[in-house]
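Asks: Just passing along the structure, written as structure tokens.
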Amino acid sequence: MSESLAALAARVVAVRQRVAEACTRAGRDPAEVTLVAVTKTLPAATVRAAYAVGLRDFGENYAQELRDKALQLADLAELRWHFIGPLQRNKAQHVVGTAALIHTVASTALIERLAALAAQRGTAQGVLLQLNLSGEGTKSGARAEELPALLAALGAHPQQLHGIGLMTMPPQSADPQQTAPIFAALRQLRDTFADHWAADPAAAAARLGALSMGMSADYAVAIAEGATLVRVGSAIFGQRAP
């Protein structure tokens, strides 16, 4: 193993250990939490290296970048793509059927577009509904009060779209514990609408109502509040160039 690959493997082991420790503190099974490695702007070769050291779930923020990497890495049979960035309707064709899960669905218009594409392609697309619970204008996501309408729109396309849960991004904070109330609020909304969630076919442990929340700085806090998907980039790959 090359020095760089060994260093990557060591960082992956360290993150997984911290995930396991956070689960232990929360009285949870580590199998309930999927580690999504965020690879936006990184070359396909880096994804291939991360796959070689055991990672299987990868998050991309840009539709065309996802499309291109998926083509380059089509030989990696167990690789699962997650789309985690804002998705424009005119870019959705690059994502539907390529990403196992789209984390950032926040409008009925996008739901209709995704359903139409899934129908055309004969696929069932996994989606999460993204909520902006902080009220920040710079954050994407629907308001909490819009959730029933989004669930109704999803429910109109049960063969094309599988809504398996919720996603959020809290405000940035120097103290990760400050994000806990946002994560707890998302969990409460997930539980309030418990009857609406489809099963996640890729889940390591059976569960209903996925929660995509927590990144490199605060994933331990998110796990304590119930996260089932954590999106980790810099803790695995280091800081990206601006």
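By order of appearance in the structure tokens: chains A, B, ..., then residues from 1 within every chain, and ligands from 1 in the order shown.
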List as a PyMOL selection string the protein and nucleic acid residues near Asp68 in chain A, meaning an atom at most 12 Å away when only C-alpha atoms are counted, but skip any in the same chain fewer than 6 places from it.
Replies: chain A and resi 40-44+60+62+74+94-95+98
Asks: Just N, CA and C atoms for this one: save the residues we selected as a JSON list (two decimals), in the first residue's frame.
Replies:
```json
[["chain", "number", "residue", "atom", "x", "y", "z"],
["A", 40, "LYS", "N", -16.94, 15.94, -3.49],
["A", 40, "LYS", "CA", -17.11, 17.03, -4.45],
["A", 40, "LYS", "C", -15.76, 17.66, -4.76],
["A", 41, "THR", "N", -15.52, 17.94, -6.03],
["A", 41, "THR", "CA", -14.31, 18.56, -6.60],
["A", 41, "THR", "C", -13.09, 17.66, -6.56],
["A", 42, "LEU", "N", -13.18, 16.50, -5.94],
["A", 42, "LEU", "CA", -12.04, 15.58, -5.92],
["A", 42, "LEU", "C", -12.08, 14.70, -7.17],
["A", 43, "PRO", "N", -10.92, 14.30, -7.69],
["A", 43, "PRO", "CA", -10.91, 13.50, -8.91],
["A", 43, "PRO", "C", -11.44, 12.10, -8.68],
["A", 44, "ALA", "N", -11.85, 11.46, -9.78],
["A", 44, "ALA", "CA", -12.35, 10.09, -9.70],
["A", 44, "ALA", "C", -11.32, 9.16, -9.09],
["A", 60, "GLU", "N", -21.83, 13.69, -3.72],
["A", 60, "GLU", "CA", -21.45, 14.71, -4.70],
["A", 60, "GLU", "C", -22.45, 15.86, -4.67],
["A", 62, "TYR", "N", -22.54, 18.40, -7.27],
["A", 62, "TYR", "CA", -22.80, 18.98, -8.58],
["A", 62, "TYR", "C", -23.23, 17.89, -9.55],
["A", 74, "ALA", "N", -17.76, 3.23, -13.16],
["A", 74, "ALA", "CA", -18.86, 2.28, -13.33],
["A", 74, "ALA", "C", -18.45, 0.85, -13.02],
["A", 94, "HIS", "N", -29.16, 14.30, -14.86],
["A", 94, "HIS", "CA", -27.83, 13.73, -14.59],
["A", 94, "HIS", "C", -27.79, 12.92, -13.30],
["A", 95, "VAL", "N", -28.85, 13.02, -12.50],
["A", 95, "VAL", "CA", -28.83, 12.46, -11.15],
["A", 95, "VAL", "C", -29.78, 11.27, -10.99],
["A", 98, "THR", "N", -28.79, 7.56, -11.24],
["A", 98, "THR", "CA", -27.35, 7.47, -10.97],
["A", 98, "THR", "C", -27.10, 7.50, -9.47]]
```
Asks: Need to verify the contact set: range 230-233 of chain A, 10 Å, only C-alpha atoms, exclusion of same-chain residues closer than 4 positions in sequence. Can you return it as a count of residues only?
Replies: 31
Asks: So, with only C-alpha atoms as the atoms that count, which of A:Ile236, A:Arg28, A:Ala116, A:Glu145 lies closest to Arg16 in chain A?
Replies: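 Of A:Ile236, A:Arg28, A:Ala116, A:Glu145, the one nearest Arg16 in chain A, counting only C-alpha atoms, is A:Ile236.
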Asks: Of the candidates A:Ala235, A:Ala224, A:Ala115, A:Leu131, which one gets nearest to Thr24 in chain A if we count only C-alpha atoms?
Replies: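 Smallest separation from Thr24 in chain A among the options: A:Ala224.
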Asks: Excluding same-chain residues fewer than 6 positions from Gly141 in chain A, what lies within 6 Å of it counting only C-alpha atoms, as a count of residues only?
Replies: 4
Asks: Given only C-alpha atoms as the basis, pick out the residue of A:Arg113, A:Arg67, A:Arg18, A:Arg11 nearest to His157 in chain A.
Replies: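 Distance minimum relative to His157 in chain A lands on A:Arg113.
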Asks: To one decimal place, how far is CA of Gly122 in chain A from CA of Pro158 in chain A in Å?
Replies: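 Computing the Euclidean distance for CA of Gly122 in chain A and CA of Pro158 in chain A yields 12.8 Å.
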Asks: From the list A:Leu129, A:Val12, A:Ala92, A:Ala45, which residue is nearest Arg190 in chain A when using only C-alpha atoms?
Replies: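 Among A:Leu129, A:Val12, A:Ala92, A:Ala45, it is A:Leu129 that comes nearest to Arg190 in chain A.
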Asks: Using DSSP assignments from the backbone, pull out every residue in range 50-190 of chain A that falls under strand (DSSP E or B) and give it to me as an MDAnalysis selection string.
Replies: chainID A and resid 57:60 80:83 101:105 125:131 142 161:167
Asks: Could you please write out, as a PyMOL selection string, every residue of range 106-157 of chain A that DSSP assigns to helix (DSSP H, G or I)?
Replies: chain A and resi 108-121+144-155
Asks: Got time to write the residues from that selection, C-alpha atoms, as a compact mmCIF listing (two decimals), in the first residue's frame?
Replies:
```txt
# COMPACT_ATOMS: atom_id res chain seq x y z
CA THR A 108 -43.05 20.09 -5.24
CA ALA A 109 -41.80 21.23 -8.64
CA LEU A 110 -38.59 19.21 -8.19
CA ILE A 111 -40.60 16.23 -6.96
CA GLU A 112 -42.66 16.29 -10.16
CA ARG A 113 -39.53 16.53 -12.30
CA LEU A 114 -37.84 13.64 -10.50
CA ALA A 115 -40.97 11.50 -10.75
CA ALA A 116 -41.23 12.13 -14.50
CA LEU A 117 -37.59 11.20 -15.06
CA ALA A 118 -37.88 8.09 -12.90
CA ALA A 119 -40.94 7.00 -14.86
CA GLN A 120 -39.14 7.53 -18.18
CA ARG A 121 -36.19 5.46 -16.97
CA ALA A 144 -40.98 22.88 8.34
CA GLU A 145 -44.57 23.94 7.66
CA GLU A 146 -44.13 22.93 4.01
CA LEU A 147 -43.35 19.32 4.93
CA PRO A 148 -46.95 17.99 4.70
CA ALA A 149 -47.32 19.34 1.16
CA LEU A 150 -43.99 17.79 0.13
CA LEU A 151 -45.02 14.45 1.60
CA ALA A 152 -48.32 14.60 -0.25
CA ALA A 153 -46.49 15.28 -3.51
CA LEU A 154 -44.18 12.32 -2.87
CA GLY A 155 -47.13 10.13 -2.03
```
Asks: Record the distance separating CA of Ala100 in chain A and CA of Gln125 in chain A, expressed in Å with one decimal.
Replies: 6.9 Å
Asks: Using only C-alpha atoms, can you tell me which of A:Gly97, A:Ile102, A:Gln159, A:Met167 comes closest to Ser140 in chain A?
Replies: A:Met167
Asks: Would you pick out the contacts of Tyr51 in chain A at 9 Å or less, using only C-alpha atoms, so that residues sharing its chain but fewer than 5 positions from it are not included, and give the list as a ChimeraX atom specification?
Replies: /A:46,56-57,76,78-79
Asks: Using only C-alpha atoms, what table do you get, as CSV, when you list each residue of range 80-177 of chain A with an atom no more than 8 Å from range 185-189 of chain A, its nearest pair of atoms, and their distance in Å rounded to one decimal, rows by chain then rising number?
Replies:
```
residue,atom,partner,partner_atom,distance
A:Leu133,CA,A:Leu186,CA,7.8
A:Leu166,CA,A:Leu186,CA,7.2
A:Met167,CA,A:Leu186,CA,7.7
A:Thr168,CA,A:Leu186,CA,7.3
```
Asks: Would you mind exporting the chosen residues as a PDB file, in the first residue's frame, restricted to N, CA and C atoms?
Replies:
```
ATOM      1  N   LEU A 133     -34.264  24.455   8.871  1.00  0.00           N
ATOM      2  CA  LEU A 133     -34.860  24.672  10.183  1.00  0.00           C
ATOM      3  C   LEU A 133     -34.259  25.862  10.921  1.00  0.00           C
ATOM      4  N   LEU A 166     -35.469  12.619   5.986  1.00  0.00           N
ATOM      5  CA  LEU A 166     -35.234  14.058   5.980  1.00  0.00           C
ATOM      6  C   LEU A 166     -33.749  14.391   6.029  1.00  0.00           C
ATOM      7  N   MET A 167     -33.431  15.598   5.583  1.00  0.00           N
ATOM      8  CA  MET A 167     -32.055  16.101   5.608  1.00  0.00           C
ATOM      9  C   MET A 167     -32.088  17.557   6.054  1.00  0.00           C
ATOM     10  N   THR A 168     -31.022  17.989   6.752  1.00  0.00           N
ATOM     11  CA  THR A 168     -30.880  19.401   7.085  1.00  0.00           C
ATOM     12  C   THR A 168     -29.414  19.761   7.212  1.00  0.00           C
TER      13      THR A 168
END
```
Asks: Between CA of Lys69 in chain A and CA of Val96 in chain A, measure the distance and give it in Å to one decimal.
Replies: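 Calculated distance between CA of Lys69 in chain A and CA of Val96 in chain A is 14.5 Å.
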Asks: Tell me which protein, DNA and RNA residues are within 6 Å of His103 in chain A, counting only C-alpha atoms, leaving out same-chain ones fewer than 3 positions away, and put them as a count of residues only.
Replies: 4
